[in-house]
Amino acid sequence: MVAFNHVAALLFLVHGFGSITATMALARTKGAPLAKEVDTSLDSSSLLQQQASEVLEAPKLLQAPTLPLTPQAADTQSPSSPIPQQLVMTAKQASLEDMPQTVQDNVKHMLAESPGVTLRWLSDADCATYIHDHYDDELSKMFKAEGRGSFRGDICRAAVLAREGGFYLDLDVQMNVPIIDLVDDQTTFASSFTEDHRVLNAVIATRPGNPVIVETLSQIRKW
């Protein structure tokens with residue numbers, strides 16, 4: 001999987017409750033690719049990719065739904081941005097230090113490029129505990145029963161981002177710009193389009209309780 005198309009990637013930002021603006025990522029980096037793939041030999045396929053496109057194409061889903069949970073912004077939220085300053089990453093492994101050295105170096109470099117952004121690492125065990133503590137039995141059972149690691153990651157990151165907000169990157173994404181440069185002081189949700197116009201959920205930024213990420217979690221329950 002190409003984690004972020006570095007030929008022509010479209011970054012879209014959702015401002016407020018549904019006003020959408022879009023900019024070419026390459027324009028923001030003066031011709032340099034926004035991100036590139038890191039070969040980690042990980043299974044990065046995602047069950048959300050097609051459904052996320054359907055979510056964003058439906059105007060009614062940009063209206064705030066009744067939340068099945070109480071959004072709780074991370075303590076690291078910047079006063080100048082609705083996006084909490086945490087980088088959410090999920091994996092089977094217990095910590096970043098258990099990952100291949102290339103992944104460790106990449107994540108540490110990205111954090112160094114974005115002072116103030118903290119790493120929110122969630123292992124499978126962490127995800128199971130988080131979903132059990134903050135969601136209902138249905139979602140908890142879905143997570144525990146899911147045998148594919150990438151799908152467990154889909155469930156976990158949606159659950160955490162819906163409640164806390166923050167940035168999310170797949171483990172095989174290497175940013176060529178600081179993470180915090182993906183959003184501005186009015187952005188409430190951001191992701192990207194690939195060159196073939198599909199939503200790329202390897203890159204996400206969201207405020208707590210954003211309708212797009214909340215609806216994503218709702219759609220996961222239907223699968």
# chains A, B, ... in the order shown; residues from 1 in each chain; ligands from 1
$ residues_around --residues "region 121-135 of chain A" --least-positions-apart "4" --cutoff "7 Å" --atoms "only C-alpha atoms" --output "list in words"
Val88, Met89, Thr90, Ala91, Lys92, Gln93, Ala94, Ser95, Leu139, Ser140, Phe143, Lys144 and Cys156 of chain A
$ write_last_selection --atoms "N, CA, C and O atoms" --output "compact mmCIF listing (two decimals), in the first residue's frame"
# COMPACT_ATOMS: atom_id res chain seq x y z
N VAL A 88 -1.80 10.06 17.46
CA VAL A 88 -2.31 8.74 17.81
C VAL A 88 -1.74 7.72 16.83
O VAL A 88 -1.81 7.90 15.61
N MET A 89 -1.16 6.64 17.37
CA MET A 89 -0.65 5.55 16.54
C MET A 89 -1.02 4.24 17.20
O MET A 89 -1.01 4.12 18.43
N THR A 90 -1.39 3.25 16.39
CA THR A 90 -1.80 1.96 16.92
C THR A 90 -0.94 0.84 16.33
O THR A 90 -0.50 0.92 15.18
N ALA A 91 -0.75 -0.20 17.11
CA ALA A 91 0.03 -1.35 16.66
C ALA A 91 -0.19 -2.50 17.64
O ALA A 91 -0.67 -2.30 18.76
N LYS A 92 0.16 -3.68 17.22
CA LYS A 92 0.09 -4.84 18.11
C LYS A 92 1.11 -4.72 19.23
O LYS A 92 0.86 -5.12 20.37
N GLN A 93 2.25 -4.15 18.90
CA GLN A 93 3.36 -4.07 19.85
C GLN A 93 3.03 -3.13 21.02
O GLN A 93 2.26 -2.18 20.88
N ALA A 94 3.67 -3.39 22.15
CA ALA A 94 3.37 -2.67 23.39
C ALA A 94 3.88 -1.23 23.39
O ALA A 94 3.33 -0.38 24.08
N SER A 95 4.93 -0.95 22.61
CA SER A 95 5.50 0.39 22.62
C SER A 95 6.22 0.66 21.31
O SER A 95 6.50 -0.26 20.53
N LEU A 139 -19.07 -2.65 20.78
CA LEU A 139 -17.82 -2.27 20.15
C LEU A 139 -16.65 -3.02 20.76
O LEU A 139 -15.71 -3.41 20.07
N SER A 140 -16.71 -3.24 22.06
CA SER A 140 -15.64 -3.97 22.74
C SER A 140 -15.54 -5.39 22.20
O SER A 140 -14.43 -5.90 21.92
N PHE A 143 -14.06 -5.43 18.64
CA PHE A 143 -12.60 -5.28 18.61
C PHE A 143 -11.91 -6.59 18.99
O PHE A 143 -10.97 -7.02 18.31
N LYS A 144 -12.35 -7.21 20.05
CA LYS A 144 -11.70 -8.43 20.53
C LYS A 144 -11.86 -9.59 19.55
O LYS A 144 -10.99 -10.46 19.47
N CYS A 156 -9.83 0.97 16.68
CA CYS A 156 -9.23 1.68 17.81
C CYS A 156 -9.01 3.14 17.51
O CYS A 156 -9.35 4.01 18.32
$ closest_residue --among "A:Glu164, A:Glu215, A:Asp154, A:Asp105" --to "Gln86 (chain A)" --atoms "only C-alpha atoms"
A:Glu164
$ residues_around --residues "His109 (chain A)" --least-positions-apart "5" --cutoff "10 Å" --atoms "only C-alpha atoms" --output "compact mmCIF listing (two decimals) with C-alpha atoms, in the first residue's frame"
# COMPACT_ATOMS: atom_id res chain seq x y z
CA VAL A 103 9.75 3.11 12.31
CA GLN A 104 11.21 4.37 15.59
CA SER A 114 6.42 19.37 15.64
CA GLN A 174 6.89 9.61 6.65
CA MET A 175 6.01 13.30 6.71
CA PRO A 178 5.68 19.17 10.30
$ select_by_dssp --residues "region 95-207 of chain A" --states "strand (DSSP E or B)" --output "PyMOL selection string"
chain A and resi 118-122+166-169+173-175+187-193+199-206
$ closest_residue --among "A:Leu87, A:Val107, A:Val212, A:Val183" --to "Ala162 (chain A)" --atoms "only C-alpha atoms"
A:Val212
$ atom_distance --atom1 "CA of Asp172 (chain A)" --atom2 "CA of Ile155 (chain A)"
18.2 Å
$ decode --residues "region 80-163 of chain A" --atoms "C-alpha atoms" --output "JSON list (two decimals), in the first residue's frame"
[["chain", "number", "residue", "atom", "x", "y", "z"],
["A", 80, "SER", "CA", -4.75, 28.22, 18.76],
["A", 81, "SER", "CA", -6.13, 25.03, 17.15],
["A", 82, "PRO", "CA", -9.23, 22.87, 17.61],
["A", 83, "ILE", "CA", -7.03, 19.84, 16.94],
["A", 84, "PRO", "CA", -5.48, 18.37, 20.11],
["A", 85, "GLN", "CA", -1.70, 18.20, 19.86],
["A", 86, "GLN", "CA", -1.31, 14.44, 20.13],
["A", 87, "LEU", "CA", -0.26, 11.91, 17.52],
["A", 88, "VAL", "CA", -2.31, 8.74, 17.81],
["A", 89, "MET", "CA", -0.65, 5.55, 16.54],
["A", 90, "THR", "CA", -1.80, 1.96, 16.92],
["A", 91, "ALA", "CA", 0.03, -1.35, 16.66],
["A", 92, "LYS", "CA", 0.09, -4.84, 18.11],
["A", 93, "GLN", "CA", 3.36, -4.07, 19.85],
["A", 94, "ALA", "CA", 3.37, -2.67, 23.39],
["A", 95, "SER", "CA", 5.50, 0.39, 22.62],
["A", 96, "LEU", "CA", 7.30, 2.29, 19.90],
["A", 97, "GLU", "CA", 10.57, 0.78, 21.13],
["A", 98, "ASP", "CA", 9.29, -2.66, 20.08],
["A", 99, "MET", "CA", 8.98, -1.55, 16.46],
["A", 100, "PRO", "CA", 11.65, -1.80, 13.72],
["A", 101, "GLN", "CA", 14.35, 0.85, 13.99],
["A", 102, "THR", "CA", 13.18, 2.55, 10.79],
["A", 103, "VAL", "CA", 9.75, 3.11, 12.31],
["A", 104, "GLN", "CA", 11.21, 4.37, 15.59],
["A", 105, "ASP", "CA", 13.48, 6.84, 13.82],
["A", 106, "ASN", "CA", 10.68, 8.10, 11.59],
["A", 107, "VAL", "CA", 8.23, 8.71, 14.44],
["A", 108, "LYS", "CA", 10.85, 10.42, 16.59],
["A", 109, "HIS", "CA", 11.84, 12.65, 13.67],
["A", 110, "MET", "CA", 8.23, 13.69, 13.05],
["A", 111, "LEU", "CA", 7.71, 14.52, 16.72],
["A", 112, "ALA", "CA", 10.92, 16.53, 16.78],
["A", 113, "GLU", "CA", 9.65, 18.51, 13.77],
["A", 114, "SER", "CA", 6.42, 19.37, 15.64],
["A", 115, "PRO", "CA", 7.31, 20.55, 19.16],
["A", 116, "GLY", "CA", 4.35, 20.27, 21.50],
["A", 117, "VAL", "CA", 2.86, 17.22, 19.78],
["A", 118, "THR", "CA", 3.00, 14.17, 22.04],
["A", 119, "LEU", "CA", 2.82, 10.51, 21.03],
["A", 120, "ARG", "CA", -0.31, 8.57, 22.03],
["A", 121, "TRP", "CA", 0.76, 4.98, 21.41],
["A", 122, "LEU", "CA", -1.91, 2.30, 21.75],
["A", 123, "SER", "CA", -1.08, -1.39, 21.58],
["A", 124, "ASP", "CA", -3.77, -4.00, 21.00],
["A", 125, "ALA", "CA", -4.03, -4.41, 24.77],
["A", 126, "ASP", "CA", -4.29, -0.65, 25.26],
["A", 127, "CYS", "CA", -7.00, -0.43, 22.61],
["A", 128, "ALA", "CA", -9.01, -3.24, 24.18],
["A", 129, "THR", "CA", -8.87, -1.52, 27.56],
["A", 130, "TYR", "CA", -9.73, 1.89, 26.10],
["A", 131, "ILE", "CA", -12.76, 0.65, 24.19],
["A", 132, "HIS", "CA", -13.97, -1.36, 27.19],
["A", 133, "ASP", "CA", -13.65, 1.66, 29.48],
["A", 134, "HIS", "CA", -15.23, 4.27, 27.20],
["A", 135, "TYR", "CA", -17.63, 2.45, 24.88],
["A", 136, "ASP", "CA", -20.33, -0.20, 24.99],
["A", 137, "ASP", "CA", -20.06, -3.98, 24.98],
["A", 138, "GLU", "CA", -20.89, -4.19, 21.27],
["A", 139, "LEU", "CA", -17.82, -2.27, 20.15],
["A", 140, "SER", "CA", -15.64, -3.97, 22.74],
["A", 141, "LYS", "CA", -16.67, -7.41, 21.47],
["A", 142, "MET", "CA", -16.15, -6.34, 17.86],
["A", 143, "PHE", "CA", -12.60, -5.28, 18.61],
["A", 144, "LYS", "CA", -11.70, -8.43, 20.53],
["A", 145, "ALA", "CA", -13.22, -10.68, 17.86],
["A", 146, "GLU", "CA", -11.43, -9.01, 14.95],
["A", 147, "GLY", "CA", -8.58, -11.20, 13.79],
["A", 148, "ARG", "CA", -6.93, -8.83, 11.35],
["A", 149, "GLY", "CA", -4.53, -6.33, 12.88],
["A", 150, "SER", "CA", -5.18, -3.51, 10.42],
["A", 151, "PHE", "CA", -8.93, -3.76, 11.07],
["A", 152, "ARG", "CA", -8.37, -3.65, 14.84],
["A", 153, "GLY", "CA", -6.36, -0.50, 14.21],
["A", 154, "ASP", "CA", -9.26, 0.99, 12.26],
["A", 155, "ILE", "CA", -11.64, 0.41, 15.16],
["A", 156, "CYS", "CA", -9.23, 1.68, 17.81],
["A", 157, "ARG", "CA", -8.12, 4.86, 16.08],
["A", 158, "ALA", "CA", -11.71, 5.81, 15.26],
["A", 159, "ALA", "CA", -12.73, 5.26, 18.88],
["A", 160, "VAL", "CA", -9.86, 7.31, 20.29],
["A", 161, "LEU", "CA", -10.09, 10.13, 17.74],
["A", 162, "ALA", "CA", -13.86, 10.43, 18.10],
["A", 163, "ARG", "CA", -13.52, 10.91, 21.83]]
